[in-house]
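Visitor: One file is attached below, query.tsv, containing TSV, C-alpha atoms.
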chain	number	residue	atom	x	y	z
X	1	MET	CA	0.00	0.00	0.00
X	2	SER	CA	1.61	3.29	-1.09
X	3	THR	CA	1.24	6.56	0.76
X	4	ALA	CA	1.15	9.75	-1.27
X	5	LEU	CA	3.37	12.58	-0.11
X	6	SER	CA	2.43	16.20	-0.30
X	7	PRO	CA	4.60	18.35	-2.62
X	8	ARG	CA	6.18	20.08	0.42
X	9	ASP	CA	7.04	16.78	2.17
X	10	ALA	CA	8.34	15.39	-1.08
X	11	GLY	CA	10.65	18.40	-1.42
X	12	VAL	CA	11.93	17.82	2.12
X	13	ARG	CA	12.50	14.11	1.38
X	14	ARG	CA	14.59	15.04	-1.67
X	15	GLY	CA	16.80	17.24	0.55
X	16	ALA	CA	15.44	20.59	-0.51
X	17	GLY	CA	16.13	23.27	2.04
X	18	LEU	CA	16.69	26.94	2.60
X	19	PRO	CA	19.82	28.46	1.07
X	20	LYS	CA	22.48	29.59	3.56
X	21	TRP	CA	21.86	33.26	2.87
X	22	SER	CA	18.15	33.03	3.67
X	23	LEU	CA	18.50	33.35	7.46
X	24	TRP	CA	20.85	36.29	7.03
X	25	ALA	CA	18.21	37.89	4.84
X	26	VAL	CA	15.57	37.23	7.51
X	27	ALA	CA	17.86	38.77	10.13
X	28	ALA	CA	18.49	41.87	8.00
X	29	GLY	CA	14.80	42.24	7.27
X	30	SER	CA	13.97	41.87	10.98
X	31	VAL	CA	16.45	44.60	11.93
X	32	ALA	CA	15.11	46.94	9.25
X	33	LEU	CA	11.49	46.29	10.19
X	34	ALA	CA	12.26	46.73	13.91
X	35	ALA	CA	13.97	50.05	13.19
X	36	GLY	CA	10.92	51.18	11.24
X	37	ILE	CA	8.56	50.15	14.02
X	38	GLY	CA	10.77	51.91	16.57
X	39	LEU	CA	10.77	55.14	14.57
X	40	VAL	CA	7.03	55.08	13.96
X	41	ALA	CA	6.23	54.22	17.58
X	42	GLY	CA	8.68	56.80	18.92
X	43	LEU	CA	10.88	54.26	20.75
X	44	HIS	CA	14.18	55.95	21.57
X	45	SER	CA	15.90	52.98	23.24
X	46	HIS	CA	17.97	50.78	20.96
X	47	ILE	CA	17.42	47.94	23.43
X	48	GLN	CA	13.72	48.02	22.58
X	49	TRP	CA	14.57	47.97	18.88
X	50	GLY	CA	16.79	44.95	19.46
X	51	LEU	CA	14.10	43.02	21.34
X	52	ILE	CA	11.59	43.71	18.57
X	53	ALA	CA	14.14	42.58	15.96
X	54	ALA	CA	14.81	39.37	17.92
X	55	LEU	CA	11.09	38.56	18.09
X	56	LEU	CA	10.62	39.28	14.39
X	57	PHE	CA	13.66	37.13	13.55
X	58	VAL	CA	12.26	34.11	15.41
X	59	LEU	CA	8.81	34.51	13.83
X	60	GLY	CA	10.26	35.15	10.39
X	61	THR	CA	12.53	32.10	10.64
X	62	TYR	CA	9.57	29.87	11.46
X	63	ALA	CA	7.42	31.30	8.67
X	64	VAL	CA	10.09	30.95	5.99
X	65	ALA	CA	11.28	27.50	7.11
X	66	ALA	CA	7.74	26.13	7.49
X	67	ARG	CA	6.88	27.18	3.95
X	68	ALA	CA	10.05	25.81	2.36
X	69	GLU	CA	10.97	22.80	4.54
X	70	GLY	CA	7.93	21.80	6.55
X	71	ARG	CA	6.89	22.35	10.15
X	72	ARG	CA	9.26	19.79	11.67
X	73	GLN	CA	12.36	21.41	10.18
X	74	ALA	CA	10.91	24.84	10.99
X	75	LYS	CA	10.76	23.94	14.68
X	76	ASP	CA	14.43	22.95	14.54
X	77	ARG	CA	15.27	26.25	12.87
X	78	VAL	CA	13.35	28.16	15.54
X	79	ALA	CA	15.23	26.35	18.33
X	80	THR	CA	18.54	27.32	16.70
X	81	ALA	CA	17.32	30.90	16.28
X	82	LEU	CA	16.35	31.08	19.96
X	83	VAL	CA	19.84	29.93	20.96
X	84	TRP	CA	21.43	32.66	18.84
X	85	VAL	CA	19.04	35.29	20.18
X	86	ALA	CA	19.79	34.26	23.78
X	87	PHE	CA	23.53	34.42	23.04
X	88	LEU	CA	23.26	37.91	21.58
X	89	LEU	CA	21.10	39.11	24.47
X	90	ALA	CA	23.68	37.82	26.94
X	91	LEU	CA	26.44	39.48	24.93
X	92	VAL	CA	24.84	42.93	24.96
X	93	PRO	CA	25.43	43.80	28.66
X	94	LEU	CA	28.96	42.37	28.52
X	95	VAL	CA	29.90	44.44	25.47
X	96	SER	CA	28.21	47.50	26.97
X	97	LEU	CA	30.12	47.07	30.24
X	98	VAL	CA	33.47	46.67	28.52
X	99	TRP	CA	32.84	49.58	26.14
X	100	THR	CA	31.75	51.92	28.94
X	101	THR	CA	34.70	50.97	31.14
X	102	VAL	CA	37.26	51.34	28.37
X	103	SER	CA	35.86	54.62	27.01
X	104	ARG	CA	35.77	56.24	30.44
X	105	GLY	CA	38.82	54.57	31.96
X	106	VAL	CA	41.36	55.56	29.33
X	107	LYS	CA	41.02	59.26	30.17
X	108	VAL	CA	43.59	59.16	32.99
X	109	LEU	CA	45.07	55.68	32.57
X	110	ASP	CA	48.77	56.14	31.83
X	111	GLY	CA	52.17	55.29	33.24
X	112	TYR	CA	52.01	58.01	35.86
X	113	PHE	CA	48.62	56.79	37.08
X	114	LEU	CA	49.91	53.23	37.45
X	115	SER	CA	53.18	54.15	39.16
X	116	HIS	CA	52.06	56.72	41.77
X	117	SER	CA	49.85	56.65	44.84
X	118	MET	CA	47.35	59.22	46.03
X	119	GLY	CA	49.80	60.44	48.68
X	120	VAL	CA	48.87	63.97	49.65
X	121	VAL	CA	46.56	64.47	46.65
X	122	ALA	CA	43.00	65.26	47.73
X	123	ASP	CA	40.17	63.25	46.19
X	124	SER	CA	38.80	66.38	44.50
X	125	GLU	CA	42.15	67.29	42.91
X	126	PRO	CA	43.54	65.90	39.64
X	127	GLY	CA	46.59	63.68	39.67
X	128	GLY	CA	47.46	60.78	41.90
X	129	GLY	CA	47.44	57.13	40.97
X	130	ILE	CA	46.68	53.55	42.00
X	131	TYR	CA	50.11	52.04	42.62
X	132	HIS	CA	49.33	51.60	46.31
X	133	ALA	CA	45.98	49.95	45.47
X	134	ILE	CA	47.53	47.58	42.92
X	135	LEU	CA	50.21	46.56	45.42
X	136	GLY	CA	47.63	45.98	48.14
X	137	SER	CA	45.35	43.92	45.86
X	138	LEU	CA	48.22	41.75	44.64
X	139	GLU	CA	49.38	41.01	48.18
X	140	GLN	CA	45.92	40.43	49.63
X	141	VAL	CA	44.65	38.26	46.75
X	142	GLY	CA	47.98	36.41	46.57
X	143	LEU	CA	47.93	35.55	50.28
X	144	ALA	CA	44.26	34.54	50.08
X	145	THR	CA	45.04	32.25	47.13
X	146	ALA	CA	48.02	30.74	48.94
X	147	ILE	CA	45.69	29.90	51.84
X	148	GLY	CA	42.42	29.06	50.12
X	149	ALA	CA	43.53	27.18	46.98
X	150	PRO	CA	45.53	24.36	48.67
X	151	ILE	CA	42.87	23.85	51.34
X	152	GLY	CA	40.11	23.80	48.71
X	153	VAL	CA	41.94	21.35	46.44
X	154	LEU	CA	42.85	19.01	49.31
X	155	THR	CA	39.27	19.10	50.61
X	156	ALA	CA	37.97	18.17	47.15
X	157	ILE	CA	40.48	15.30	46.91
X	158	TYR	CA	39.26	14.00	50.26
X	159	LEU	CA	35.61	14.18	49.23
X	160	VAL	CA	36.14	12.43	45.88
X	161	GLU	CA	38.88	9.91	46.66
X	162	TYR	CA	38.50	9.15	50.37
X	163	GLY	CA	35.29	10.67	51.69
X	164	ARG	CA	32.82	8.17	53.10
X	165	GLY	CA	30.34	8.28	55.93
X	166	ARG	CA	29.13	11.12	58.13
X	167	LEU	CA	32.30	13.20	58.04
X	168	ALA	CA	32.16	13.50	54.24
X	169	LEU	CA	28.46	14.41	54.42
X	170	ALA	CA	29.19	17.06	57.04
X	171	VAL	CA	32.04	18.54	54.98
X	172	THR	CA	29.83	18.63	51.87
X	173	PHE	CA	27.05	20.32	53.82
X	174	PHE	CA	29.31	23.03	55.22
X	175	VAL	CA	30.88	23.63	51.80
X	176	ASP	CA	27.39	24.18	50.37
X	177	VAL	CA	26.58	26.58	53.20
X	178	MET	CA	29.83	28.50	52.77
X	179	THR	CA	29.20	28.88	49.05
X	180	GLY	CA	26.24	31.15	49.76
X	181	ILE	CA	27.78	33.17	52.60
X	182	PRO	CA	27.73	36.93	51.83
X	183	SER	CA	31.14	38.56	51.78
X	184	ILE	CA	30.20	40.91	54.61
X	185	VAL	CA	29.65	37.91	56.91
X	186	ALA	CA	33.17	36.63	56.27
X	187	GLY	CA	34.47	40.13	57.00
X	188	LEU	CA	32.51	40.35	60.24
X	189	PHE	CA	33.85	36.96	61.34
X	190	ILE	CA	37.48	38.07	60.93
X	191	LEU	CA	36.63	41.46	62.45
X	192	SER	CA	35.29	39.77	65.59
X	193	LEU	CA	38.59	37.91	65.94
X	194	MET	CA	40.48	41.16	65.50
X	195	LEU	CA	38.41	42.82	68.22
X	196	ILE	CA	39.03	39.90	70.58
X	197	LEU	CA	42.78	40.06	69.94
X	198	ASP	CA	42.77	43.88	69.95
X	199	LEU	CA	44.29	44.17	66.46
X	200	GLN	CA	44.28	47.17	64.15
X	201	PRO	CA	43.29	46.94	60.44
X	202	PHE	CA	45.95	45.30	58.27
X	203	GLY	CA	46.14	43.65	54.86
X	204	PHE	CA	46.44	40.03	55.99
X	205	ALA	CA	43.10	40.26	57.80
X	206	GLY	CA	41.47	41.00	54.45
X	207	SER	CA	43.30	38.02	52.96
X	208	LEU	CA	41.81	35.72	55.61
X	209	ALA	CA	38.28	36.88	54.78
X	210	LEU	CA	38.92	36.51	51.05
X	211	ALA	CA	40.30	33.00	51.63
X	212	ILE	CA	37.05	32.04	53.37
X	213	LEU	CA	35.11	33.20	50.32
X	214	MET	CA	37.49	31.44	47.95
X	215	MET	CA	37.63	27.98	49.50
X	216	PRO	CA	34.08	26.72	48.73
X	217	VAL	CA	34.38	27.80	45.10
X	218	VAL	CA	37.66	25.92	44.74
X	219	VAL	CA	36.23	22.84	46.47
X	220	ARG	CA	33.17	22.68	44.24
X	221	SER	CA	35.03	23.24	40.96
X	222	THR	CA	37.86	20.85	41.84
X	223	GLU	CA	35.41	18.20	43.00
X	224	GLU	CA	33.59	18.26	39.66
X	225	MET	CA	36.86	18.06	37.73
X	226	LEU	CA	38.08	15.09	39.74
X	227	LYS	CA	34.79	13.26	39.13
X	228	LEU	CA	35.36	13.59	35.38
X	229	VAL	CA	38.58	11.55	35.54
X	230	PRO	CA	37.70	8.02	34.29
X	231	ASN	CA	37.86	5.35	36.98
X	232	GLU	CA	39.70	3.11	34.50
X	233	LEU	CA	42.78	5.31	34.92
X	234	ARG	CA	42.70	4.88	38.68
X	235	GLU	CA	42.11	1.14	38.42
X	236	ALA	CA	44.94	0.68	35.92
X	237	SER	CA	47.35	2.53	38.19
X	238	LEU	CA	46.27	0.60	41.28
X	239	ALA	CA	46.52	-2.70	39.36
X	240	LEU	CA	50.20	-1.99	38.77
X	241	GLY	CA	50.74	-1.82	42.52
X	242	ILE	CA	51.04	1.97	42.72
X	243	PRO	CA	49.80	3.41	46.05
X	244	LYS	CA	46.62	5.41	46.01
X	245	TRP	CA	48.30	8.67	47.06
X	246	ARG	CA	50.74	8.36	44.19
X	247	THR	CA	47.93	7.54	41.79
X	248	ILE	CA	46.18	10.74	42.80
X	249	LEU	CA	49.38	12.75	42.50
X	250	LYS	CA	50.62	11.33	39.18
X	251	VAL	CA	47.42	10.34	37.37
X	252	VAL	CA	44.30	12.02	38.72
X	253	LEU	CA	45.62	15.54	39.33
X	254	PRO	CA	47.54	15.91	36.02
X	255	THR	CA	44.49	14.72	34.11
X	256	SER	CA	42.21	17.29	35.73
X	257	LEU	CA	44.78	20.08	36.11
X	258	GLY	CA	43.23	22.27	33.42
X	259	GLY	CA	39.82	22.30	35.06
X	260	ILE	CA	41.28	22.76	38.54
X	261	THR	CA	43.33	25.75	37.40
X	262	THR	CA	40.27	27.28	35.75
X	263	GLY	CA	38.27	26.84	38.95
X	264	VAL	CA	40.98	28.48	41.03
X	265	MET	CA	41.09	31.42	38.63
X	266	LEU	CA	37.32	31.79	38.84
X	267	ALA	CA	37.64	31.95	42.60
X	268	VAL	CA	40.46	34.50	42.31
X	269	ALA	CA	38.32	36.59	39.97
X	270	ARG	CA	35.51	36.54	42.52
X	271	ILE	CA	37.58	37.65	45.49
X	272	ALA	CA	39.55	40.22	43.47
X	273	GLY	CA	36.46	42.41	43.26
X	274	GLU	CA	35.22	42.09	46.84
X	275	THR	CA	34.90	45.40	48.65
X	276	ALA	CA	33.00	44.80	51.91
X	277	PRO	CA	35.62	42.62	53.71
X	278	VAL	CA	38.42	44.96	52.64
X	279	LEU	CA	36.49	47.98	53.87
X	280	LEU	CA	36.02	46.41	57.29
X	281	LEU	CA	39.43	44.83	57.76
X	282	VAL	CA	41.97	46.70	55.63
X	283	PHE	CA	40.41	50.14	55.98
X	284	GLY	CA	42.21	51.80	53.05
X	285	ASN	CA	45.36	53.89	52.89
X	286	PRO	CA	46.29	56.63	50.38
X	287	PHE	CA	49.99	55.95	50.96
X	288	ILE	CA	52.08	52.96	49.87
X	289	ASN	CA	52.19	50.16	52.43
X	290	ALA	CA	54.05	47.09	51.18
X	291	ASN	CA	53.69	45.19	54.47
X	292	PRO	CA	50.35	43.31	54.57
X	293	PHE	CA	50.96	42.27	58.19
X	294	GLU	CA	51.07	45.76	59.65
X	295	GLY	CA	48.99	48.87	59.09
X	296	ALA	CA	46.09	49.74	56.85
X	297	GLN	CA	46.38	48.98	53.14
X	298	ALA	CA	44.58	49.93	49.96
X	299	SER	CA	43.07	47.67	47.30
X	300	LEU	CA	41.59	48.24	43.87
X	301	PRO	CA	37.92	47.53	44.76
X	302	LEU	CA	38.13	49.72	47.85
X	303	TYR	CA	39.90	52.46	45.88
X	304	ILE	CA	37.13	52.39	43.24
X	305	TYR	CA	34.45	52.60	45.91
X	306	GLN	CA	36.10	55.47	47.76
X	307	GLN	CA	36.84	57.49	44.62
X	308	TYR	CA	33.34	57.08	43.23
X	309	ALA	CA	31.80	57.96	46.59
X	310	GLN	CA	33.78	61.22	46.61
X	311	SER	CA	33.16	62.11	42.97
X	312	ALA	CA	29.39	62.71	42.94
X	313	GLY	CA	29.41	61.48	39.33
X	314	ALA	CA	31.99	63.96	37.99
X	315	GLY	CA	35.47	65.36	38.49
X	316	ALA	CA	38.94	63.88	38.85
X	317	ALA	CA	37.87	61.23	41.37
X	318	TYR	CA	35.21	59.99	38.93
X	319	ASP	CA	37.82	59.53	36.18
X	320	ARG	CA	40.18	57.76	38.59
X	321	ALA	CA	37.41	55.37	39.62
X	322	TRP	CA	36.79	54.32	36.01
X	323	ALA	CA	40.50	53.99	35.30
X	324	ALA	CA	40.90	51.77	38.36
X	325	SER	CA	37.92	49.69	37.18
X	326	LEU	CA	39.59	49.17	33.82
X	327	THR	CA	42.80	48.16	35.57
X	328	LEU	CA	40.93	45.62	37.71
X	329	ILE	CA	39.27	44.09	34.63
X	330	ALA	CA	42.66	43.87	32.92
X	331	PHE	CA	44.12	42.26	36.04
X	332	VAL	CA	41.48	39.52	36.07
X	333	MET	CA	41.84	38.98	32.32
X	334	ILE	CA	45.61	38.58	32.59
X	335	LEU	CA	45.16	36.06	35.40
X	336	ASN	CA	42.79	34.01	33.25
X	337	LEU	CA	45.18	34.07	30.29
X	338	VAL	CA	48.06	32.95	32.51
X	339	ALA	CA	45.89	30.18	33.97
X	340	ARG	CA	44.96	28.93	30.49
X	341	GLY	CA	48.61	28.92	29.50
X	342	ILE	CA	49.62	26.95	32.59
X	343	ALA	CA	46.75	24.48	32.10
X	344	ARG	CA	47.74	23.85	28.47
X	345	TRP	CA	51.41	23.51	29.40
X	346	LYS	CA	50.76	21.07	32.25
X	347	ALA	CA	47.96	19.13	30.54
X	348	PRO	CA	48.80	15.48	29.82
X	349	LYS	CA	50.03	14.91	26.27
X	350	THR	CA	47.77	12.74	24.15
X	351	GLY	CA	48.81	10.83	21.07
X	352	ARG	CA	46.85	9.42	18.19
Would you encode the structure as structure tokens?
Guide:
Amino acid sequence: MSTALSPRDAGVRRGAGLPKWSLWAVAAGSVALAAGIGLVAGLHSHIQWGLIAALLFVLGTYAVAARAEGRRQAKDRVATALVWVAFLLALVPLVSLVWTTVSRGVKVLDGYFLSHSMGVVADSEPGGGIYHAILGSLEQVGLATAIGAPIGVLTAIYLVEYGRGRLALAVTFFVDVMTGIPSIVAGLFILSLMLILDLQPFGFAGSLALAILMMPVVVRSTEEMLKLVPNELREASLALGIPKWRTILKVVLPTSLGGITTGVMLAVARIAGETAPVLLLVFGNPFINANPFEGAQASLPLYIYQQYAQSAGAGAAYDRAWAASLTLIAFVMILNLVARGIARWKAPKTGR
């Protein structure tokens, strides 16, 4: 018994489809039509124009694909179009943030700005720099990483390789709780210890609070990376009589080093922008203090907050705040590039 196919289904069976340029044409038409609608309706926000264009693109894609390829293929086209629209919508605030920071931050960002401190320069006066804040951030984040990263990685190794019973469940529970702790709570915890010990603000106190915020992120990311290592690798190593600790050190960790490094860098990026713990514990200092264990220190997030608070949206302090923001973004970007380079260098070599 033969079943007759409609002309449209027969075209789909033969492999007929939309040409590659058709979706680009739909996108261009959607943008043009959205611009026309925006002008007629008096919409002055380009964001509104973009949302209208995205909606028209999805509808236009379905209409064109359904007519040429059938409804089943049209639904697949619409799903792909929705993914692209979601990607572009997520890209808009990122591009806007970077563009705004770069355009406003380059006004005073130069060698003098990076190599001098505020010193005796008032917040309302031009001049000054962020050398003292860069030095403080590097020391505080570096000490926090030296404390938090090893503890986080070792905790993850315990949970994945050794953790059994109530202790592992308790550690997992507290890691989950610590992941959602606000930064101000970590700062208050260290501040209470400082009050008990009658200590004055100093840079290392900020590092301790940042390490508390860093550890759960490192534990969670490292734990997931270790779980991705195939058990066959562990079993093959153990079958050769190699101790478990050496298997972890020589097989498991090198295999997952790329993911672990990325997780550590994500944690560093998070703590590098924290302001509340630094404000409570480090207190800020317009002069250069290279000793994180004595006296108040500056940091980039705290410097940005203080300069913007004094600027009232204009003036020299406003420009310094944006320049410091651009420097902080560049600092995090450089860290991520270095981490990717280390991960690729230390990744296990694979042959074909």
Visitor: Excluding stretch 107-109 of chain X and its own-chain neighbours fewer than 2 positions away, which residues fall within 10 Å of it when counting all atoms listed in the file? Please give them as a list in words.
Guide: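 The residues satisfying every condition are Val102, Ser103, Arg104, Gly105, Gly111, Tyr112, Phe113, Leu114, Pro126, Gly127, Gly128, Gly129, Ile130, Ala316, Asp319, Arg320, Ala321, Trp322, Ala323, Ala324, Leu326 and Thr327 of chain X.
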Visitor: Find the residues around stretch 234-236 of chain X up to 12 Å (only C-alpha atoms counted), leave out those fewer than 4 positions away in its own chain, and share them as a CSV table (one decimal) with C-alpha atoms, keeping the file's coordinate frame.
Guide:
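File written: result-v7.csv
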chain,number,residue,atom,x,y,z
X,161,GLU,CA,38.9,9.9,46.7
X,226,LEU,CA,38.1,15.1,39.7
X,227,LYS,CA,34.8,13.3,39.1
X,228,LEU,CA,35.4,13.6,35.4
X,229,VAL,CA,38.6,11.6,35.5
X,230,PRO,CA,37.7,8.0,34.3
X,240,LEU,CA,50.2,-2.0,38.8
X,241,GLY,CA,50.7,-1.8,42.5
X,242,ILE,CA,51.0,2.0,42.7
X,243,PRO,CA,49.8,3.4,46.0
X,244,LYS,CA,46.6,5.4,46.0
X,245,TRP,CA,48.3,8.7,47.1
X,246,ARG,CA,50.7,8.4,44.2
X,247,THR,CA,47.9,7.5,41.8
X,248,ILE,CA,46.2,10.7,42.8
X,249,LEU,CA,49.4,12.8,42.5
X,250,LYS,CA,50.6,11.3,39.2
X,251,VAL,CA,47.4,10.3,37.4
X,252,VAL,CA,44.3,12.0,38.7
X,253,LEU,CA,45.6,15.5,39.3
X,255,THR,CA,44.5,14.7,34.1
Visitor: Find the spatial neighbours of stretch 308-310 of chain X, counting all atoms listed in the file, within a cut-off of 8 Å - ignore same-chain residues fewer than 6 positions away - and output them as a list in words.
Guide: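 Contacts, with the query itself left out: Asp123, Ser124, Ala317, Tyr318 and Ala321 of chain X.
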Visitor: Got a sec: who's within 9 Å of X:Gly187, counting only C-alpha atoms, leaving out chain neighbours fewer than 6 positions off, as number ranges by chain?
Guide: X: 205-206, 208-210, 276-281
Visitor: Can you work out the spacing between atom CA of X:Glu224 and atom CA of X:Val83 in Å, to one decimal?
Guide: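 Between these atoms lies a distance of 26.0 Å.
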Visitor: Expressed in Å to a single decimal, how great is the separation between atom CA of X:Leu143 and atom CA of X:Leu193?
Guide: 18.4 Å
Visitor: Taking all atoms listed in the file into account, name the residue in X:Val175, X:Glu223, X:Val217, X:Phe204 that is nearest to X:Tyr158.
Guide: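 Between X:Val175, X:Glu223, X:Val217, X:Phe204, the residue approaching X:Tyr158 most closely is X:Glu223.
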Visitor: For the atom pair atom CA of X:Gly273 and atom CA of X:Ser256, what is the interatomic distance in Å to one decimal place?
Guide: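 Distance reported for this atom pair: 26.8 Å.
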Visitor: Which of these residues is nearest to X:Ile184, using all atoms listed in the file: X:Leu213, X:Ile47, X:Ile260, X:Leu18?
Guide: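 That would be X:Leu213, the residue with the smallest distance to X:Ile184.
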Visitor: For X:Leu59, which residue out of X:Ala27, X:Met194, X:Ala32, X:Leu199 is the nearest one, using all atoms listed in the file?
Guide: X:Ala27
Visitor: Given the choices X:Ala144, X:Ala290, X:Leu159, X:Leu328, which gets closest to X:Ile304 if the distance is worked out from all atoms listed in the file?
Guide: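 That would be X:Leu328, the residue with the smallest distance to X:Ile304.
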Visitor: Just want the 12 Å neighbourhood of X:Gly295, counted on all atoms listed in the file, with same-chain residues fewer than 3 positions away dropped. Output as an NGL selection string.
Guide: :X and (136 or 199-206 or 281-292 or 298)
